[in-house]
Each structure stands twice: as structure tokens, then as C-alpha cells.
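These notes are about the structure you will find just below.
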Amino acid sequence: NDIVFDTAGWFYFIDTGSGAIYYANPDGSAIDRVASGLEFPNGMGLSPDGQRLYASETYSSRIFRWDVVAPGVLTERTLVLSAEGVHGWDGLAVDGDENICAANLQGGGITVIGRDGQVRTEIVVPEHDPFVTNICFGGPDQRQAFITSSGRGKLYQTDWPFPGLRLNFAR
């Protein structure tokens, strides 16, 4: 369901149906399961230094972190935030301050969570939509956020209050 490239040129991806995270070579020569036992995982992102991998679970409303000890090698997961009954997470991105910017299905926007698990702010889209599904950063200084509003079929662009994060291999 989601994918993020590391600096080695390989990528992590989520298999929502099996509750696993895989690490793969883009040429298809290698695919390894690196984490499992997740409940409907959905979004994922790497920290700015590539040393931490974050992933969200939609229905449990949990966000986890793994330390990356080597490319494709993760430690045991650590719970960053559990917002059970409050949020349903979809896609996410990690910004330049290592905030986890998670699409909040119930809140109709993006919840910005510090790496310490504390909610820093909530940013809602102009027209309420319970299907805000993802976010990414762009613009010359990565200070523009692009937010998908799937229920309304819209893509919002807004100034972002934190430094964005340029993805590995972005053009």
C-alpha cells in the first residue's frame, strides 16, 4: 500500500493484506520480509537520516517506529502513538524535523506527531473529508504540502509550517 526508497536505492513497502513490511531491490532480484504482525498497515516513511522507519495502522490507530540498523535490517518495533477510538491513520510522510505527518481519516486532515509521540498540531483540509489519505512535500524549499482528499477527489496545496523532506531519488 505504501512505499519509500532509502539512500541505497532499495525500497520498503507495505503489504496491507498480510500485515508485513518488505525490503526490495527495484530490479526484482530480491524481496525480503523485514517486519510482520501488523494490523492493516497503511502509511510509511523514513526519518531524514534514514535511521528510523515509521508505519501507521489504519484501524488500530497506532503508529510504530523501527530503528534501521543496516539497509533492510530493522529492530523490534516501538509504539510511537496509539490514538484508538480517535483517529484512523492512512498514508503518512515524515518531514524535515522528523515529524510524522499522518493522514487522519476521522479528523479530515493531517495530524503532525513529533518523534516523541506528542501531537504537535492538526491541519485540516478546507472542506471536511473523512477520506484524507496522504501527504507529500514539494516546491523549491520543500515547504509546500500536497494533501490528497480522496472523498472529494481533490488535491490541496498549502504552505507547511515545518521543513519538508525531499524524498530519495526525487526529481
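By order in the C-alpha cells, chains are A, B, ...; within a chain, residues start at 1; ligands start at 1, following the order shown.
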Could you pull the residues within 10 Å of Asn42 of chain A, counting only C-alpha atoms, minus those fewer than 3 positions along the same chain, as a list of chain:residue names?
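The residues satisfying every condition are A:Asn1, A:Asp2, A:Ile3, A:Phe13, A:Ile14, A:Asp15, A:Thr16, A:Gly17, A:Gly19, A:Leu38, A:Glu39, A:Ala55, A:Ser56, A:Glu57, A:Thr58, A:Tyr59, A:Ile63, A:Trp89, A:Asp90, A:Gly91, A:Leu92, A:Thr133.
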DSSP on the backbone: which residues in chain A end up as strand (DSSP E)? Give the answer as a ChimeraX atom specification.
/A:3-5,11-15,20-24,31-35,41-46,52-57,62-70,73-74,78-82,89-94,100-104,109-113,119-124,132-138,144-149,154-159
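Closest approach to Ile100 of chain A from the set A:Ser18, A:Ser61, A:Ser47, A:Ser29 is made by A:Ser47, with distances taken over only C-alpha atoms.
For the set A:Asp95, A:Glu76, A:Glu122, A:Asp129, the residue with the smallest atom-to-atom gap to Gly108 of chain A is A:Asp129, counting only C-alpha atoms.
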Could you give me, as a ChimeraX atom specification, the residues within 9 Å of Arg77 of chain A, counting only C-alpha atoms and dropping anything in the same chain fewer than 4 positions from it?
/A:35,64-67
Go ahead and dump the residues you just picked, C-alpha atoms, as a compact mmCIF listing (two decimals), in the first residue's frame.
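Listed below is the output, result09.txt:
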```txt
# COMPACT_ATOMS: atom_id res chain seq x y z
CA ALA A 35 8.57 -6.88 9.74
CA PHE A 64 5.15 2.37 15.10
CA ARG A 65 8.86 3.00 14.69
CA TRP A 66 11.71 0.64 13.86
CA ASP A 67 15.38 1.57 14.05
```
Please provide the set of residues having any atom within 8 Å of Tyr156 of chain A, restricted to only C-alpha atoms, with same-chain residues fewer than 5 positions apart removed, written as JSON, numbers by chain.
{"A": [125, 145, 146, 147, 148, 149]}
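You can rank A:Ser150, A:Asn99, A:Thr121, A:Asn104 by their closest distance to Gly164 of chain A using only C-alpha atoms, and at the top of that list sits A:Asn99.
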Tell me, in Å to one decimal, how far atom CA of Gln157 of chain A is from atom CA of Pro140 of chain A.
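Those two atoms sit 13.8 Å apart.
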Enter the distance from atom CA of Gly88 of chain A to atom CA of Gln106 of chain A, in Å, rounded to one decimal.
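Atom-to-atom, atom CA of Gly88 of chain A and atom CA of Gln106 of chain A are spaced 6.1 Å apart.
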With a distance cut-off of 12 Å and only C-alpha atoms, select the neighbouring residues of Gly72 of chain A, excluding the residue or stretch itself and same-chain residues fewer than 3 positions from it, and output the selection as a PyMOL selection string.
chain A and resi 4-13+21-25+30-35+50-53+66-69+75
Could you turn the residues from that selection into a file that holds N, CA and C atoms, as a PDB file, in the first residue's frame?
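Output saved as out-v7.pdb:
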```
ATOM      1  N   VAL A   4       8.636   3.497   0.259  1.00  0.00           N
ATOM      2  CA  VAL A   4       9.605   4.558   0.500  1.00  0.00           C
ATOM      3  C   VAL A   4      10.997   4.021   0.155  1.00  0.00           C
ATOM      4  N   PHE A   5      11.748   4.809  -0.613  1.00  0.00           N
ATOM      5  CA  PHE A   5      13.096   4.435  -1.017  1.00  0.00           C
ATOM      6  C   PHE A   5      14.111   4.903   0.017  1.00  0.00           C
ATOM      7  N   ASP A   6      15.173   4.103   0.199  1.00  0.00           N
ATOM      8  CA  ASP A   6      16.278   4.524   1.055  1.00  0.00           C
ATOM      9  C   ASP A   6      17.411   5.063   0.188  1.00  0.00           C
ATOM     10  N   THR A   7      18.497   5.495   0.801  1.00  0.00           N
ATOM     11  CA  THR A   7      19.601   6.084   0.037  1.00  0.00           C
ATOM     12  C   THR A   7      20.388   5.042  -0.748  1.00  0.00           C
ATOM     13  N   ALA A   8      20.215   3.757  -0.422  1.00  0.00           N
ATOM     14  CA  ALA A   8      20.883   2.691  -1.169  1.00  0.00           C
ATOM     15  C   ALA A   8      20.173   2.398  -2.490  1.00  0.00           C
ATOM     16  N   GLY A   9      18.974   2.981  -2.681  1.00  0.00           N
ATOM     17  CA  GLY A   9      18.222   2.763  -3.914  1.00  0.00           C
ATOM     18  C   GLY A   9      17.240   1.613  -3.833  1.00  0.00           C
ATOM     19  N   TRP A  10      17.189   0.931  -2.694  1.00  0.00           N
ATOM     20  CA  TRP A  10      16.193  -0.118  -2.469  1.00  0.00           C
ATOM     21  C   TRP A  10      14.976   0.530  -1.821  1.00  0.00           C
ATOM     22  N   PHE A  11      13.904  -0.243  -1.637  1.00  0.00           N
ATOM     23  CA  PHE A  11      12.713   0.346  -1.050  1.00  0.00           C
ATOM     24  C   PHE A  11      12.034  -0.598  -0.070  1.00  0.00           C
ATOM     25  N   TYR A  12      11.357   0.042   0.887  1.00  0.00           N
ATOM     26  CA  TYR A  12      10.474  -0.652   1.824  1.00  0.00           C
ATOM     27  C   TYR A  12       9.065  -0.496   1.279  1.00  0.00           C
ATOM     28  N   PHE A  13       8.262  -1.554   1.403  1.00  0.00           N
ATOM     29  CA  PHE A  13       6.858  -1.408   1.032  1.00  0.00           C
ATOM     30  C   PHE A  13       5.987  -2.214   1.983  1.00  0.00           C
ATOM     31  N   ILE A  21       5.909  -5.717   6.263  1.00  0.00           N
ATOM     32  CA  ILE A  21       6.743  -4.748   5.556  1.00  0.00           C
ATOM     33  C   ILE A  21       7.863  -5.532   4.885  1.00  0.00           C
ATOM     34  N   TYR A  22       8.119  -5.187   3.638  1.00  0.00           N
ATOM     35  CA  TYR A  22       9.153  -5.850   2.851  1.00  0.00           C
ATOM     36  C   TYR A  22      10.221  -4.847   2.438  1.00  0.00           C
ATOM     37  N   TYR A  23      11.398  -5.374   2.121  1.00  0.00           N
ATOM     38  CA  TYR A  23      12.513  -4.576   1.607  1.00  0.00           C
ATOM     39  C   TYR A  23      12.921  -5.207   0.290  1.00  0.00           C
ATOM     40  N   ALA A  24      13.007  -4.388  -0.763  1.00  0.00           N
ATOM     41  CA  ALA A  24      13.197  -4.962  -2.096  1.00  0.00           C
ATOM     42  C   ALA A  24      14.150  -4.139  -2.953  1.00  0.00           C
ATOM     43  N   ASN A  25      14.781  -4.850  -3.876  1.00  0.00           N
ATOM     44  CA  ASN A  25      15.593  -4.230  -4.915  1.00  0.00           C
ATOM     45  C   ASN A  25      14.642  -3.878  -6.058  1.00  0.00           C
ATOM     46  N   ALA A  30      15.544  -9.227  -5.425  1.00  0.00           N
ATOM     47  CA  ALA A  30      15.474  -9.590  -4.005  1.00  0.00           C
ATOM     48  C   ALA A  30      14.294  -8.896  -3.345  1.00  0.00           C
ATOM     49  N   ILE A  31      13.541  -9.669  -2.565  1.00  0.00           N
ATOM     50  CA  ILE A  31      12.451  -9.138  -1.747  1.00  0.00           C
ATOM     51  C   ILE A  31      12.477  -9.917  -0.437  1.00  0.00           C
ATOM     52  N   ASP A  32      12.635  -9.200   0.679  1.00  0.00           N
ATOM     53  CA  ASP A  32      12.689  -9.837   1.993  1.00  0.00           C
ATOM     54  C   ASP A  32      11.652  -9.225   2.914  1.00  0.00           C
ATOM     55  N   ARG A  33      10.965 -10.083   3.676  1.00  0.00           N
ATOM     56  CA  ARG A  33      10.049  -9.582   4.697  1.00  0.00           C
ATOM     57  C   ARG A  33      10.891  -9.149   5.891  1.00  0.00           C
ATOM     58  N   VAL A  34      10.733  -7.883   6.315  1.00  0.00           N
ATOM     59  CA  VAL A  34      11.552  -7.347   7.401  1.00  0.00           C
ATOM     60  C   VAL A  34      10.749  -7.056   8.666  1.00  0.00           C
ATOM     61  N   ALA A  35       9.429  -7.072   8.578  1.00  0.00           N
ATOM     62  CA  ALA A  35       8.567  -6.884   9.744  1.00  0.00           C
ATOM     63  C   ALA A  35       7.227  -7.540   9.438  1.00  0.00           C
ATOM     64  N   GLY A  50      17.456   8.507   7.625  1.00  0.00           N
ATOM     65  CA  GLY A  50      17.265   7.122   7.207  1.00  0.00           C
ATOM     66  C   GLY A  50      17.448   6.097   8.304  1.00  0.00           C
ATOM     67  N   GLN A  51      17.559   6.540   9.549  1.00  0.00           N
ATOM     68  CA  GLN A  51      17.836   5.634  10.660  1.00  0.00           C
ATOM     69  C   GLN A  51      16.591   5.092  11.358  1.00  0.00           C
ATOM     70  N   ARG A  52      15.404   5.602  10.998  1.00  0.00           N
ATOM     71  CA  ARG A  52      14.156   5.140  11.589  1.00  0.00           C
ATOM     72  C   ARG A  52      13.096   5.007  10.508  1.00  0.00           C
ATOM     73  N   LEU A  53      12.333   3.939  10.596  1.00  0.00           N
ATOM     74  CA  LEU A  53      11.211   3.692   9.689  1.00  0.00           C
ATOM     75  C   LEU A  53       9.933   3.798  10.510  1.00  0.00           C
ATOM     76  N   TRP A  66      10.633   1.629  13.819  1.00  0.00           N
ATOM     77  CA  TRP A  66      11.708   0.643  13.860  1.00  0.00           C
ATOM     78  C   TRP A  66      13.006   1.397  13.648  1.00  0.00           C
ATOM     79  N   ASP A  67      14.063   1.042  14.367  1.00  0.00           N
ATOM     80  CA  ASP A  67      15.377   1.574  14.045  1.00  0.00           C
ATOM     81  C   ASP A  67      15.917   0.757  12.892  1.00  0.00           C
ATOM     82  N   VAL A  68      16.557   1.430  11.950  1.00  0.00           N
ATOM     83  CA  VAL A  68      17.176   0.773  10.800  1.00  0.00           C
ATOM     84  C   VAL A  68      18.653   0.593  11.156  1.00  0.00           C
ATOM     85  N   VAL A  69      19.075  -0.648  11.394  1.00  0.00           N
ATOM     86  CA  VAL A  69      20.465  -0.897  11.801  1.00  0.00           C
ATOM     87  C   VAL A  69      21.381  -1.125  10.609  1.00  0.00           C
ATOM     88  N   THR A  75      15.130  -3.182  13.879  1.00  0.00           N
ATOM     89  CA  THR A  75      14.988  -3.654  15.252  1.00  0.00           C
ATOM     90  C   THR A  75      13.524  -4.023  15.482  1.00  0.00           C
TER      91      THR A  75
END
```
